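For reference, the structure discussed in these notes is given below.
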Amino acid sequence: MISRNIPQVTLRTRVRDESIEGPNPFRWQDVDTKDLFSGKRIAVFSLPGAFTPTCSNEQCPAFERLYDEFKAKGVDEVYCISVNDAFVMYQWGQSLGLENVKLLPDGSGDFTRRMGMLIKKNHLGFGDRSWRYAMIADDGVISAWFEEPGINDDGVDSDPYGETSPETMLAWLDDNGAVQKAA
């Protein structure tokens with residue numbers, strides 16, 4: 001995966017629009033991954049699903065908690081990508097109280113499929129989901145890759161989590177050219 005370009009796909013997102021009245025003041029906005037990654041150093045983590053135990057209790061909150069450390073090491077943004085729709089991702093972010101990590105909906109799984117990380121979680125009734133992985137991308141090119149062992153479609157894993165932790169990524173940044181920013 002190292003030196004590979006980030007797949008260029010369009011993500012269907014929802015953005016707040018104050019001109020829309022009522023209880024749901026949001027509109028659809030297509031976001032091209034090229035625009036999200038161009039000219040920036042991005043930390044990305046992908047996980048099986050919003051509101052699932054490890055993702056909600058450990059992984060996403062840990063990235064939120066350590067966001068400032070990523071910024072201090074030269075990371076411009078931290079993105080979480082999941083094969084969930086924009087509505088689910090929004091509500092999940094609200095429930096977690098996220099302020100820094102940006103949740104990106106990959107509702108159709110196009111990004112995840114092109115990353116080669118789309119798996120079946122039929123044994124849990126989830127359908128197609130992402131295997132847990134993370135990366136550092138510099139100007140749309142993968143410079144570091146982290147993947148949980150044992151990728152499979154059969155549910156023979158115990159939902160491993162460790163290789164894709166923010167601590168693992170921060171250690172890589174320490175060892176491989178973190179760009180220190182002034183506080």
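By convention here, the chains of the structure tokens are called A, B, ... in the order presented, each chain's residues are numbered starting at 1, and ligands are numbered starting at 1 in the order presented.
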
Sorted by chain and rising residue number, which residues of range 87-150 of chain A lie within 8 Å of range 71-78 of chain A, and what are their closest atom pairs and distances in Å to one decimal, counting only C-alpha atoms, as a Markdown table?
| residue | atom | partner | partner_atom | distance |
| --- | --- | --- | --- | --- |
| A:Asn100 | CA | A:Val78 | CA | 7.6 |
| A:Val101 | CA | A:Val78 | CA | 5.3 |
| A:Lys102 | CA | A:Val78 | CA | 6.3 |

With C-alpha atoms retained, could you export that selection as a PDB file, in the first residue's frame?
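Result saved to again_32.pdb:
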ATOM      1  CA  ASN A 100     -12.018  17.172  15.962  1.00  0.00           C
ATOM      2  CA  VAL A 101     -12.071  13.824  14.151  1.00  0.00           C
ATOM      3  CA  LYS A 102     -13.935  14.171  10.866  1.00  0.00           C
TER       4      LYS A 102
END

* DSSP says helix (DSSP H, G or I) for which residues of range 55-175 of chain A? Put them as a ChimeraX atom specification? -> /A:55-65,67-72,86-96,110-114,122-124,166-175

With C-alpha atoms retained, could you export that selection as an mmCIF file, in the first residue's frame?
data_model
loop_
_atom_site.group_PDB
_atom_site.id
_atom_site.type_symbol
_atom_site.label_atom_id
_atom_site.label_comp_id
_atom_site.auth_asym_id
_atom_site.auth_seq_id
_atom_site.Cartn_x
_atom_site.Cartn_y
_atom_site.Cartn_z
ATOM 1 C CA CYS A 55 -15.222 1.417 17.346
ATOM 2 C CA SER A 56 -17.376 3.422 19.771
ATOM 3 C CA ASN A 57 -15.729 2.575 23.087
ATOM 4 C CA GLU A 58 -12.068 2.494 22.102
ATOM 5 C CA GLN A 59 -10.873 3.418 18.620
ATOM 6 C CA CYS A 60 -12.781 6.574 17.703
ATOM 7 C CA PRO A 61 -12.630 8.111 21.215
ATOM 8 C CA ALA A 62 -8.863 7.440 21.351
ATOM 9 C CA PHE A 63 -8.282 9.317 18.085
ATOM 10 C CA GLU A 64 -10.395 12.200 19.378
ATOM 11 C CA ARG A 65 -8.488 12.260 22.673
ATOM 12 C CA TYR A 67 -6.060 14.643 18.092
ATOM 13 C CA ASP A 68 -3.824 17.449 19.379
ATOM 14 C CA GLU A 69 -0.837 15.090 19.388
ATOM 15 C CA PHE A 70 -1.438 14.322 15.707
ATOM 16 C CA LYS A 71 -1.648 18.042 14.968
ATOM 17 C CA ALA A 72 1.590 18.676 16.888
ATOM 18 C CA ALA A 86 -24.100 10.175 6.248
ATOM 19 C CA PHE A 87 -27.080 10.067 8.619
ATOM 20 C CA VAL A 88 -25.586 7.287 10.736
ATOM 21 C CA MET A 89 -22.142 8.909 10.780
ATOM 22 C CA TYR A 90 -23.619 12.232 11.892
ATOM 23 C CA GLN A 91 -25.599 10.678 14.750
ATOM 24 C CA TRP A 92 -22.608 8.592 15.798
ATOM 25 C CA GLY A 93 -20.405 11.681 15.939
ATOM 26 C CA GLN A 94 -23.047 13.447 18.009
ATOM 27 C CA SER A 95 -23.305 10.513 20.419
ATOM 28 C CA LEU A 96 -19.517 10.437 20.871
ATOM 29 C CA ASP A 110 -16.666 2.563 -2.967
ATOM 30 C CA PHE A 111 -13.634 3.985 -1.158
ATOM 31 C CA THR A 112 -13.223 0.877 0.992
ATOM 32 C CA ARG A 113 -13.583 -1.442 -2.014
ATOM 33 C CA ARG A 114 -10.927 0.479 -3.954
ATOM 34 C CA ASN A 122 -22.698 -11.416 7.223
ATOM 35 C CA HIS A 123 -22.107 -13.556 10.307
ATOM 36 C CA LEU A 124 -23.139 -10.470 12.331
ATOM 37 C CA PRO A 166 -3.634 6.115 17.363
ATOM 38 C CA GLU A 167 -0.685 5.281 19.624
ATOM 39 C CA THR A 168 0.785 3.032 16.904
ATOM 40 C CA MET A 169 0.398 5.780 14.325
ATOM 41 C CA LEU A 170 1.894 8.427 16.631
ATOM 42 C CA ALA A 171 4.907 6.167 17.246
ATOM 43 C CA TRP A 172 5.375 5.846 13.478
ATOM 44 C CA LEU A 173 5.238 9.638 13.147
ATOM 45 C CA ASP A 174 7.883 9.951 15.886
ATOM 46 C CA ASP A 175 10.166 7.505 14.047
#

Can you check which residues of range 65-106 of chain A DSSP gives as strand (DSSP E or B) on the backbone and send them as a PDB file with all heavy atoms, in the first residue's frame?
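Dumped everything to result-v2.pdb:
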ATOM      1  N   GLU A  77      -5.272  16.820   9.375  1.00  0.00           N
ATOM      2  CA  GLU A  77      -6.612  16.353   9.746  1.00  0.00           C
ATOM      3  C   GLU A  77      -6.564  14.881  10.124  1.00  0.00           C
ATOM      4  O   GLU A  77      -5.682  14.146   9.677  1.00  0.00           O
ATOM      5  CB  GLU A  77      -7.603  16.517   8.583  1.00  0.00           C
ATOM      6  CG  GLU A  77      -7.875  17.930   8.161  1.00  0.00           C
ATOM      7  CD  GLU A  77      -8.688  18.739   9.164  1.00  0.00           C
ATOM      8  OE1 GLU A  77      -9.254  18.145  10.116  1.00  0.00           O
ATOM      9  OE2 GLU A  77      -8.751  19.961   8.993  1.00  0.00           O
ATOM     10  N   VAL A  78      -7.552  14.459  10.909  1.00  0.00           N
ATOM     11  CA  VAL A  78      -7.755  13.049  11.238  1.00  0.00           C
ATOM     12  C   VAL A  78      -9.146  12.681  10.736  1.00  0.00           C
ATOM     13  O   VAL A  78     -10.137  13.287  11.142  1.00  0.00           O
ATOM     14  CB  VAL A  78      -7.632  12.787  12.756  1.00  0.00           C
ATOM     15  CG1 VAL A  78      -7.931  11.321  13.062  1.00  0.00           C
ATOM     16  CG2 VAL A  78      -6.259  13.186  13.277  1.00  0.00           C
ATOM     17  N   TYR A  79      -9.191  11.697   9.821  1.00  0.00           N
ATOM     18  CA  TYR A  79     -10.449  11.248   9.236  1.00  0.00           C
ATOM     19  C   TYR A  79     -10.746   9.823   9.674  1.00  0.00           C
ATOM     20  O   TYR A  79      -9.862   8.974   9.711  1.00  0.00           O
ATOM     21  CB  TYR A  79     -10.378  11.227   7.704  1.00  0.00           C
ATOM     22  CG  TYR A  79     -10.142  12.540   7.013  1.00  0.00           C
ATOM     23  CD1 TYR A  79      -9.526  12.554   5.763  1.00  0.00           C
ATOM     24  CD2 TYR A  79     -10.541  13.760   7.551  1.00  0.00           C
ATOM     25  CE1 TYR A  79      -9.320  13.737   5.077  1.00  0.00           C
ATOM     26  CE2 TYR A  79     -10.333  14.947   6.881  1.00  0.00           C
ATOM     27  CZ  TYR A  79      -9.720  14.934   5.642  1.00  0.00           C
ATOM     28  OH  TYR A  79      -9.510  16.108   4.963  1.00  0.00           O
ATOM     29  N   CYS A  80     -12.022   9.579   9.942  1.00  0.00           N
ATOM     30  CA  CYS A  80     -12.528   8.224  10.183  1.00  0.00           C
ATOM     31  C   CYS A  80     -13.464   7.883   9.039  1.00  0.00           C
ATOM     32  O   CYS A  80     -14.423   8.613   8.779  1.00  0.00           O
ATOM     33  CB  CYS A  80     -13.281   8.168  11.510  1.00  0.00           C
ATOM     34  SG  CYS A  80     -14.147   6.607  11.784  1.00  0.00           S
ATOM     35  N   ILE A  81     -13.177   6.788   8.353  1.00  0.00           N
ATOM     36  CA  ILE A  81     -14.003   6.347   7.231  1.00  0.00           C
ATOM     37  C   ILE A  81     -14.676   5.040   7.624  1.00  0.00           C
ATOM     38  O   ILE A  81     -14.027   4.118   8.124  1.00  0.00           O
ATOM     39  CB  ILE A  81     -13.154   6.147   5.960  1.00  0.00           C
ATOM     40  CG1 ILE A  81     -12.527   7.477   5.548  1.00  0.00           C
ATOM     41  CG2 ILE A  81     -13.999   5.557   4.835  1.00  0.00           C
ATOM     42  CD1 ILE A  81     -11.589   7.390   4.368  1.00  0.00           C
ATOM     43  N   SER A  82     -15.985   4.986   7.386  1.00  0.00           N
ATOM     44  CA  SER A  82     -16.726   3.768   7.689  1.00  0.00           C
ATOM     45  C   SER A  82     -17.770   3.534   6.612  1.00  0.00           C
ATOM     46  O   SER A  82     -18.299   4.488   6.025  1.00  0.00           O
ATOM     47  CB  SER A  82     -17.406   3.898   9.057  1.00  0.00           C
ATOM     48  OG  SER A  82     -18.079   2.702   9.390  1.00  0.00           O
ATOM     49  N   LYS A 102     -12.912  13.991  11.898  1.00  0.00           N
ATOM     50  CA  LYS A 102     -13.935  14.171  10.866  1.00  0.00           C
ATOM     51  C   LYS A 102     -14.396  12.800  10.385  1.00  0.00           C
ATOM     52  O   LYS A 102     -13.589  11.990   9.940  1.00  0.00           O
ATOM     53  CB  LYS A 102     -13.388  15.003   9.721  1.00  0.00           C
ATOM     54  CG  LYS A 102     -13.081  16.419  10.181  1.00  0.00           C
ATOM     55  CD  LYS A 102     -12.766  17.348   9.067  1.00  0.00           C
ATOM     56  CE  LYS A 102     -12.583  18.767   9.546  1.00  0.00           C
ATOM     57  NZ  LYS A 102     -11.802  18.973  10.733  1.00  0.00           N
ATOM     58  N   LEU A 103     -15.701  12.575  10.488  1.00  0.00           N
ATOM     59  CA  LEU A 103     -16.290  11.307  10.068  1.00  0.00           C
ATOM     60  C   LEU A 103     -16.691  11.389   8.604  1.00  0.00           C
ATOM     61  O   LEU A 103     -17.416  12.298   8.205  1.00  0.00           O
ATOM     62  CB  LEU A 103     -17.518  10.990  10.920  1.00  0.00           C
ATOM     63  CG  LEU A 103     -17.275  10.864  12.421  1.00  0.00           C
ATOM     64  CD1 LEU A 103     -18.586  10.585  13.148  1.00  0.00           C
ATOM     65  CD2 LEU A 103     -16.252   9.790  12.723  1.00  0.00           C
ATOM     66  N   LEU A 104     -16.203  10.438   7.815  1.00  0.00           N
ATOM     67  CA  LEU A 104     -16.505  10.402   6.390  1.00  0.00           C
ATOM     68  C   LEU A 104     -17.354   9.179   6.074  1.00  0.00           C
ATOM     69  O   LEU A 104     -16.923   8.050   6.301  1.00  0.00           O
ATOM     70  CB  LEU A 104     -15.211  10.359   5.575  1.00  0.00           C
ATOM     71  CG  LEU A 104     -14.259  11.536   5.778  1.00  0.00           C
ATOM     72  CD1 LEU A 104     -12.982  11.325   4.962  1.00  0.00           C
ATOM     73  CD2 LEU A 104     -14.925  12.848   5.406  1.00  0.00           C
ATOM     74  N   PRO A 105     -18.554   9.398   5.532  1.00  0.00           N
ATOM     75  CA  PRO A 105     -19.422   8.272   5.188  1.00  0.00           C
ATOM     76  C   PRO A 105     -19.041   7.660   3.844  1.00  0.00           C
ATOM     77  O   PRO A 105     -18.949   8.353   2.837  1.00  0.00           O
ATOM     78  CB  PRO A 105     -20.804   8.930   5.113  1.00  0.00           C
ATOM     79  CG  PRO A 105     -20.530  10.345   4.693  1.00  0.00           C
ATOM     80  CD  PRO A 105     -19.196  10.700   5.299  1.00  0.00           C
TER      81      PRO A 105
END

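The residue set within 9 Å of range 157-159 of chain A, counting only C-alpha atoms and dropping same-chain residues fewer than 3 places from it, reads Pro48, Thr54, Trp131, Arg132, Glu148, Pro149, Gly150, Ile151, Asn152 and Asp154 of chain A.
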
Contacts between range 134-141 of chain A and range 29-59 of chain A, please, where a residue of range 29-59 of chain A counts if it comes within 8 Å (with only C-alpha atoms); show its shortest atom pair and distance in Å to one decimal, rows by chain and ascending number, as a tab-separated table.
residue	atom	partner	partner_atom	distance
A:Lys34	CA	A:Gly140	CA	7.0
A:Phe37	CA	A:Gly140	CA	4.9
A:Ser38	CA	A:Asp139	CA	4.6
A:Gly39	CA	A:Asp139	CA	4.5
A:Lys40	CA	A:Asp139	CA	5.1
A:Arg41	CA	A:Asp138	CA	4.5
A:Ile42	CA	A:Ala137	CA	5.2
A:Ala43	CA	A:Ile136	CA	4.7
A:Val44	CA	A:Met135	CA	5.3
A:Phe45	CA	A:Ala134	CA	4.0
A:Ser46	CA	A:Ala134	CA	6.0

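Distance-wise, CA of Asp30 in chain A and CA of Leu11 in chain A end up 5.7 Å apart.
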
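When CA of Val31 in chain A is paired with CA of Ser3 in chain A, their separation reads 23.0 Å.
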
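You will find CA of Asp85 in chain A at 23.9 Å from CA of Asn5 in chain A.
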